[in-house]
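Just entry_19.cif here, mmCIF, C-alpha atoms and all ligand atoms:
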```cif
data_run
#
loop_
_atom_site.label_atom_id
_atom_site.label_comp_id
_atom_site.auth_asym_id
_atom_site.auth_seq_id
_atom_site.Cartn_x
_atom_site.Cartn_y
_atom_site.Cartn_z
CA MET A 253 -19.69 4.69 -3.39
CA SER A 254 -18.02 2.30 -5.79
CA PHE A 255 -14.45 2.52 -7.06
CA SER A 256 -14.33 4.72 -10.15
CA ALA A 257 -11.52 4.51 -12.69
CA SER A 258 -10.99 7.04 -15.48
CA VAL A 259 -8.30 6.08 -17.96
CA LEU A 260 -6.86 8.63 -20.38
CA THR A 261 -5.51 6.92 -23.46
CA LEU A 262 -4.99 7.12 -27.21
CA TYR A 263 -6.41 3.58 -27.39
CA PRO A 264 -9.70 3.47 -25.46
CA GLU A 265 -10.57 0.28 -27.32
CA MET A 266 -8.02 -1.50 -25.12
CA PHE A 267 -10.45 -1.13 -22.18
CA PRO A 268 -11.94 -2.95 -20.36
CA GLY A 269 -10.02 -5.62 -22.32
CA ALA A 270 -8.87 -8.28 -19.89
CA LEU A 271 -10.85 -6.57 -17.13
CA GLY A 272 -14.12 -7.34 -18.92
CA VAL A 273 -13.95 -11.04 -18.07
CA SER A 274 -13.83 -13.23 -14.97
CA LEU A 275 -13.93 -11.64 -11.50
CA ALA A 276 -13.19 -8.08 -12.64
CA GLY A 277 -15.69 -8.31 -15.52
CA ARG A 278 -18.47 -9.59 -13.30
CA ALA A 279 -17.73 -6.88 -10.73
CA LEU A 280 -17.82 -4.27 -13.51
CA GLU A 281 -21.21 -5.51 -14.63
CA ALA A 282 -22.45 -5.59 -11.04
CA GLY A 283 -21.38 -1.96 -10.54
CA THR A 284 -18.79 -2.76 -7.85
CA TRP A 285 -16.47 -0.56 -9.86
CA SER A 286 -16.80 1.61 -12.94
CA LEU A 287 -14.47 2.34 -15.81
CA GLU A 288 -14.43 5.12 -18.36
CA ALA A 289 -11.80 5.21 -21.10
CA ILE A 290 -11.28 8.72 -22.40
CA GLN A 291 -9.76 9.44 -25.81
CA ILE A 292 -6.97 11.98 -25.30
CA ARG A 293 -7.16 12.96 -28.96
CA ASP A 294 -10.59 14.47 -28.37
CA PHE A 295 -8.83 17.28 -26.49
CA ALA A 296 -6.46 18.27 -29.30
CA THR A 297 -7.08 21.72 -30.67
CA ASP A 298 -5.78 21.63 -34.27
CA LYS A 299 -7.54 20.10 -37.22
CA HIS A 300 -5.11 17.17 -37.37
CA ARG A 301 -5.93 16.38 -33.72
CA THR A 302 -2.24 16.38 -32.80
CA VAL A 303 -1.34 15.05 -29.35
CA ASP A 304 2.45 14.85 -29.62
CA ASP A 305 5.40 16.84 -30.91
CA THR A 306 9.16 16.55 -31.33
CA PRO A 307 11.29 16.64 -28.17
CA ALA A 308 12.76 19.97 -27.13
CA GLY A 309 16.54 19.63 -27.39
CA GLY A 310 16.25 17.14 -30.22
CA GLY A 311 16.52 13.37 -30.31
CA ALA A 312 14.41 10.44 -31.39
CA GLY A 313 10.70 9.95 -30.89
CA MET A 314 7.82 12.17 -29.89
CA VAL A 315 6.58 13.64 -26.62
CA MET A 316 2.94 13.99 -25.56
CA ARG A 317 1.93 17.65 -25.28
CA ALA A 318 1.26 19.19 -21.87
CA ASP A 319 -1.57 21.43 -23.07
CA VAL A 320 -3.61 18.66 -24.69
CA LEU A 321 -3.09 16.30 -21.74
CA ALA A 322 -4.01 19.02 -19.23
CA LYS A 323 -7.35 19.53 -20.96
CA ALA A 324 -8.04 15.81 -20.91
CA ILE A 325 -7.13 15.54 -17.22
CA ASP A 326 -9.19 18.59 -16.26
CA HIS A 327 -12.16 17.08 -18.04
CA ALA A 328 -11.74 13.66 -16.36
CA SER A 329 -10.85 15.06 -12.96
CA PRO A 330 -12.47 18.45 -12.28
CA PRO A 331 -11.76 20.41 -9.07
CA GLY A 332 -13.13 18.54 -6.08
CA ASP A 333 -12.38 15.10 -7.54
CA GLU A 334 -10.63 13.32 -4.68
CA ARG A 335 -9.23 10.51 -6.77
CA PRO A 336 -5.43 10.26 -7.06
CA ARG A 337 -4.04 11.08 -10.49
CA LEU A 338 -1.61 8.47 -11.67
CA LEU A 339 0.76 8.42 -14.61
CA MET A 340 1.93 4.98 -15.70
CA SER A 341 5.68 5.41 -16.14
CA PRO A 342 8.83 3.26 -16.00
CA ARG A 343 10.40 6.09 -13.98
CA GLY A 344 7.70 5.86 -11.34
CA ARG A 345 7.68 4.25 -7.94
CA PRO A 346 7.37 0.48 -8.35
CA LEU A 347 3.80 -0.64 -7.65
CA THR A 348 3.44 -2.64 -4.44
CA GLN A 349 0.63 -4.58 -2.82
CA ALA A 350 0.60 -1.91 -0.09
CA ARG A 351 -0.14 0.85 -2.63
CA VAL A 352 -2.70 -1.39 -4.34
CA ARG A 353 -4.49 -1.79 -0.99
CA GLU A 354 -4.53 1.96 -0.42
CA LEU A 355 -5.96 2.57 -3.87
CA ALA A 356 -8.63 -0.10 -3.35
CA ALA A 357 -9.67 1.62 -0.11
CA GLY A 358 -10.07 4.97 -1.88
CA PRO A 359 -12.64 6.48 -4.26
CA GLY A 360 -10.89 5.42 -7.47
CA ALA A 361 -8.12 6.64 -9.73
CA VAL A 362 -7.52 8.82 -12.76
CA ILE A 363 -4.89 7.05 -14.84
CA LEU A 364 -2.91 8.62 -17.66
CA CYS A 365 -1.36 6.18 -20.14
CA GLY A 366 1.76 7.44 -21.89
CA ARG A 367 2.79 6.62 -25.45
CA PHE A 368 5.84 7.51 -27.57
CA GLU A 369 8.75 8.75 -25.42
CA GLY A 370 6.44 9.83 -22.64
CA VAL A 371 4.79 13.07 -21.52
CA ASP A 372 5.98 16.67 -21.11
CA GLN A 373 7.47 17.06 -17.62
CA ARG A 374 5.54 20.28 -16.98
CA LEU A 375 2.25 18.37 -17.17
CA ILE A 376 3.43 15.95 -14.46
CA GLU A 377 4.29 18.85 -12.17
CA ALA A 378 1.33 21.09 -12.97
CA ARG A 379 -1.27 18.35 -12.38
CA GLY A 380 0.55 16.65 -9.50
CA LEU A 381 0.71 13.25 -11.17
CA GLU A 382 1.97 10.27 -9.17
CA GLU A 383 4.24 8.24 -11.43
CA VAL A 384 3.72 4.50 -11.04
CA SER A 385 5.86 1.76 -12.61
CA ILE A 386 4.87 -1.89 -12.93
CA GLY A 387 8.48 -3.07 -13.23
CA ASP A 388 11.93 -2.49 -14.64
CA PHE A 389 11.12 -3.00 -18.31
CA ILE A 390 9.73 -0.80 -21.05
CA LEU A 391 6.25 -1.24 -22.49
CA SER A 392 5.16 0.41 -25.72
CA GLY A 393 2.42 2.23 -23.84
CA GLY A 394 0.87 2.76 -20.44
CA GLU A 395 -2.34 0.86 -21.25
CA PRO A 396 -1.16 -2.64 -20.30
CA ALA A 397 0.31 -1.14 -17.12
CA ALA A 398 -3.03 0.50 -16.27
CA LEU A 399 -4.78 -2.84 -16.83
CA VAL A 400 -2.31 -4.52 -14.49
CA LEU A 401 -2.81 -1.90 -11.78
CA LEU A 402 -6.60 -2.01 -12.04
CA ASP A 403 -6.64 -5.81 -12.00
CA ALA A 404 -4.69 -5.81 -8.74
CA VAL A 405 -6.97 -3.16 -7.21
CA VAL A 406 -10.33 -4.50 -8.36
CA ARG A 407 -9.83 -7.98 -6.94
CA LEU A 408 -9.50 -6.37 -3.48
CA LEU A 409 -12.79 -4.48 -3.68
CA PRO A 410 -15.42 -5.78 -1.26
CA GLY A 411 -17.39 -8.65 -2.75
CA VAL A 412 -15.14 -9.25 -5.76
CA MET A 413 -13.23 -12.27 -4.49
CA GLY A 414 -15.49 -15.08 -3.40
CA ASN A 415 -13.12 -16.39 -0.80
CA ALA A 416 -11.73 -13.39 1.08
CA VAL A 417 -9.36 -15.55 3.16
CA SER A 418 -7.32 -16.52 0.14
CA GLY A 419 -6.48 -12.82 -0.28
CA ASP A 420 -4.84 -12.53 3.13
CA GLU A 421 -2.56 -15.51 2.71
CA GLU A 422 -1.21 -14.51 -0.65
CA SER A 423 2.31 -13.57 -1.65
CA PHE A 424 3.32 -10.13 -0.27
CA GLU A 425 0.33 -9.83 2.04
CA ASN A 426 2.39 -10.98 5.00
CA GLY A 427 5.78 -10.01 3.67
CA LEU A 428 6.53 -13.46 2.29
CA LEU A 429 6.07 -15.30 -0.97
CA GLU A 430 3.31 -17.86 -0.73
CA HIS A 431 3.89 -21.54 0.00
CA PRO A 432 3.52 -24.08 -2.89
CA HIS A 433 0.09 -25.51 -3.72
CA TYR A 434 -1.04 -29.06 -4.47
CA THR A 435 -4.30 -30.72 -5.42
CA ARG A 436 -5.48 -34.10 -6.70
CA PRO A 437 -4.34 -36.49 -8.06
CA GLN A 438 -2.51 -37.80 -5.01
CA GLU A 439 0.34 -38.88 -7.29
CA PHE A 440 1.37 -37.12 -10.52
CA GLU A 441 4.06 -38.69 -12.75
CA GLY A 442 5.56 -40.40 -9.73
CA ARG A 443 5.46 -37.28 -7.54
CA PRO A 444 3.30 -37.55 -4.43
CA ILE A 445 1.72 -34.65 -2.55
CA PRO A 446 3.92 -33.82 0.49
CA GLU A 447 2.73 -36.15 3.23
CA VAL A 448 2.08 -33.48 5.84
CA LEU A 449 -0.62 -31.91 3.64
CA THR A 450 -2.68 -35.08 3.67
CA SER A 451 -2.09 -35.77 7.38
CA GLY A 452 -5.12 -33.82 8.56
CA ASN A 453 -2.92 -32.22 11.26
CA HIS A 454 -3.78 -28.55 10.86
CA LYS A 455 -1.08 -27.25 13.16
CA LYS A 456 1.61 -29.21 11.31
CA ILE A 457 0.22 -28.06 7.97
CA ALA A 458 0.33 -24.40 9.04
CA GLU A 459 3.92 -24.84 10.26
CA TRP A 460 4.97 -26.52 7.02
CA ARG A 461 3.41 -23.78 4.92
CA ARG A 462 5.06 -21.06 6.95
CA ALA A 463 8.46 -22.79 6.68
CA GLU A 464 8.06 -23.23 2.91
CA ALA A 465 7.05 -19.58 2.52
CA GLU A 466 10.14 -18.50 4.44
CA ARG A 467 12.40 -20.83 2.47
CA LEU A 468 11.08 -19.62 -0.89
CA THR A 469 11.35 -15.99 0.12
CA ARG A 470 14.94 -16.45 1.34
CA GLU A 471 15.88 -18.23 -1.90
CA ARG A 472 14.09 -16.04 -4.41
CA ARG A 473 13.41 -12.65 -2.85
CA PRO A 474 15.74 -12.03 0.09
CA ASP A 475 15.10 -8.32 -0.47
CA LEU A 476 11.55 -8.80 0.85
CA LEU A 477 12.84 -9.96 4.21
CA GLU A 478 14.66 -6.68 4.66
CA SER A 479 12.36 -4.18 3.03
CA GLU A 480 9.32 -2.43 4.39
CA TRP A 481 7.78 -2.42 0.94
CA PHE A 482 5.25 -5.05 1.67
CA SER A 483 4.36 -3.93 5.16
CA LYS A 484 0.77 -3.04 5.81
CA GLY A 485 2.07 0.16 7.38
N1 LIG A 501 11.14 6.87 -23.02
C1 LIG A 501 10.58 6.36 -21.82
C2 LIG A 501 9.74 5.10 -22.09
C3 LIG A 501 8.47 5.37 -22.84
S1 LIG A 501 7.49 3.94 -23.02
C4 LIG A 501 11.70 6.01 -20.84
O1 LIG A 501 12.77 5.61 -21.28
O2 LIG A 501 11.50 6.13 -19.61
C5 LIG A 501 5.92 4.64 -23.41
C6 LIG A 501 4.91 4.67 -22.28
O3 LIG A 501 4.66 3.35 -21.82
C7 LIG A 501 5.31 5.44 -21.03
O4 LIG A 501 5.02 6.82 -21.15
C8 LIG A 501 4.47 4.79 -19.96
O5 LIG A 501 3.18 5.35 -19.89
C9 LIG A 501 4.34 3.36 -20.44
N2 LIG A 501 5.28 2.45 -19.74
C10 LIG A 501 6.36 1.85 -20.30
N3 LIG A 501 6.98 1.05 -19.43
C11 LIG A 501 6.27 1.11 -18.27
C12 LIG A 501 6.41 0.51 -16.98
N4 LIG A 501 7.42 -0.33 -16.70
N5 LIG A 501 5.49 0.81 -16.04
C13 LIG A 501 4.47 1.66 -16.30
N6 LIG A 501 4.29 2.27 -17.49
C14 LIG A 501 5.17 2.00 -18.48
#
```

This structure in structure tokens:
Amino acid sequence: MSFSASVLTLYPEMFPGALGVSLAGRALEAGTWSLEAIQIRDFATDKHRTVDDTPAGGGAGMVMRADVLAKAIDHASPPGDERPRLLMSPRGRPLTQARVRELAAGPGAVILCGRFEGVDQRLIEARGLEEVSIGDFILSGGEPAALVLLDAVVRLLPGVMGNAVSGDEESFENGLLEHPHYTRPQEFEGRPIPEVLTSGNHKKIAEWRRAEAERLTRERRPDLLESEWFSKG
């Protein structure tokens, strides 16, 4: 069974968007994964098709209604659907490569994209939504976050990446940032390729890459060396 994504959004026209081209787009066409973008507004019950309302307790902005969202989720994910239900949210657990791997190994995902100030808390609890953040910044909506998450997942699906080895050596896969890359020309604006890489000595090359990965990680992301975030579990 292929990976099946259902995205609940007020802007279904944003999908597949960037995921319609390149590796993800070809895999979508080939049926390696499937994507349905569901218009939340179709589940509104009044004639104005209202999906949001003013926040209880006052304050700026609008909040997405629990009742409308529940109907949309129940339609996308009926009882028996084994797919995790995610809510893109800056308050969520930061997305990691480890979680991406788990999702890619599963049946798919139902992804709710917030807008405005966010969604009614009771909906999150009543439908057991897993809140997922893509970083410590605020987007105007969950759609770009859902695209980011799906991009990371889809490239791990069997058959999507031509060269599977390049996946294993990437940043985070072994708890380190990746070593720097070089390609022709041999000299660029007076800068040569590090000699060891053109030596043909594979053991030395592997050692150099490992040392560079460790150096970069120590310099830029010392937190990775201590955390279990990246671990394959
Ligand atoms: N008032 C909220 C932000 C709302 S932003 C707060 O301060 O926490 C509107 C929507 O964009 C959110 O409901 C969420 O779906 C999405 N979003 C914004 N930033 C995000 C992030 N870093 N990761 C994932 N989703 C995000």

Go through the chains and note each residue within 7 Å of ligand LIG 501 (chain A), using all atoms listed in the file, then give the set as a PDB file with C-alpha atoms, in the coordinates of the input.
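To be explicit, this is the file written out as part-v2.pdb:
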```
ATOM      1  CA  LEU A 339       0.760   8.420 -14.610  1.00  0.00           C
ATOM      2  CA  MET A 340       1.930   4.980 -15.700  1.00  0.00           C
ATOM      3  CA  SER A 341       5.680   5.410 -16.140  1.00  0.00           C
ATOM      4  CA  PRO A 342       8.830   3.260 -16.000  1.00  0.00           C
ATOM      5  CA  ARG A 343      10.400   6.090 -13.980  1.00  0.00           C
ATOM      6  CA  CYS A 365      -1.360   6.180 -20.140  1.00  0.00           C
ATOM      7  CA  GLY A 366       1.760   7.440 -21.890  1.00  0.00           C
ATOM      8  CA  ARG A 367       2.790   6.620 -25.450  1.00  0.00           C
ATOM      9  CA  PHE A 368       5.840   7.510 -27.570  1.00  0.00           C
ATOM     10  CA  GLU A 369       8.750   8.750 -25.420  1.00  0.00           C
ATOM     11  CA  GLY A 370       6.440   9.830 -22.640  1.00  0.00           C
ATOM     12  CA  VAL A 371       4.790  13.070 -21.520  1.00  0.00           C
ATOM     13  CA  VAL A 384       3.720   4.500 -11.040  1.00  0.00           C
ATOM     14  CA  SER A 385       5.860   1.760 -12.610  1.00  0.00           C
ATOM     15  CA  ILE A 386       4.870  -1.890 -12.930  1.00  0.00           C
ATOM     16  CA  GLY A 387       8.480  -3.070 -13.230  1.00  0.00           C
ATOM     17  CA  ASP A 388      11.930  -2.490 -14.640  1.00  0.00           C
ATOM     18  CA  PHE A 389      11.120  -3.000 -18.310  1.00  0.00           C
ATOM     19  CA  ILE A 390       9.730  -0.800 -21.050  1.00  0.00           C
ATOM     20  CA  LEU A 391       6.250  -1.240 -22.490  1.00  0.00           C
ATOM     21  CA  SER A 392       5.160   0.410 -25.720  1.00  0.00           C
ATOM     22  CA  GLY A 393       2.420   2.230 -23.840  1.00  0.00           C
ATOM     23  CA  GLY A 394       0.870   2.760 -20.440  1.00  0.00           C
ATOM     24  CA  ALA A 397       0.310  -1.140 -17.120  1.00  0.00           C
TER      25      ALA A 397
END
```

message: Quick check, in Å to one decimal: how far apart do atom CA of Asp304 of chain A and atom CA of Leu355 of chain A lie?
response: 29.7 Å

query: At what distance in Å, to one decimal, does atom CA of Ala378 of chain A lie from atom CA of Asp319 of chain A?
result: 10.5 Å

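Across the model, the gap from atom CA of Phe267 of chain A to atom CA of Asp294 of chain A is 16.8 Å.
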
- request: May I have the residues within 7 Å of segment 399-414 of chain A as a ChimeraX atom specification, using all atoms listed in the file and disregarding those fewer than 3 positions away in the same chain?
  value: /A:271,275-276,279,352-353,355-356,395-396

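Using all atoms listed in the file, the nearest neighbour of Ala270 of chain A within the list A:Val320, A:Ala398, A:Ala361, A:His327 is A:Ala398.
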
field: Nearest candidate to Tyr434 of chain A (options A:Gly272, A:Gly332, A:Gly313, A:Pro446; using only C-alpha atoms)
entry: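 Of all the options, A:Pro446 lies closest to Tyr434 of chain A.
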
field: Among the residues A:Ala458, A:Val315, A:Ala257, A:Leu476, the one that comes closest to Leu375 of chain A [using all atoms listed in the file]
entry: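 Comparing A:Ala458, A:Val315, A:Ala257, A:Leu476 against Leu375 of chain A, the winner is A:Val315.
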
task: Skip Gln438 of chain A itself and residues of its chain fewer than 4 positions away, then list as a list in words all residues within 12 Å of it, counting all atoms listed in the file.
output: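 Non-adjacent residues within range: Tyr434, Gly442, Arg443, Pro444, Ile445, Pro446, Glu447, Leu449 and Thr450 of chain A.
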
For Arg317 of chain A, the nearest of the candidates A:Leu381, A:Ile292, A:Leu428, A:Leu338, counting only C-alpha atoms: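 The answer is A:Ile292, which sits nearest to Arg317 of chain A.
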
message: Could you check the closest approach to Leu477 of chain A for each of A:Met266, A:Ile457, A:Leu287, A:Leu429 and tell me which residue wins, using only C-alpha atoms?
response: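 Nearest to Leu477 of chain A: A:Leu429.
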
- request: Name the closest residue to Arg467 of chain A among the candidates A:Gly452, A:Pro346, A:Glu430, A:Ala282; distances are taken between atoms, counting only C-alpha atoms.
  value: A:Glu430
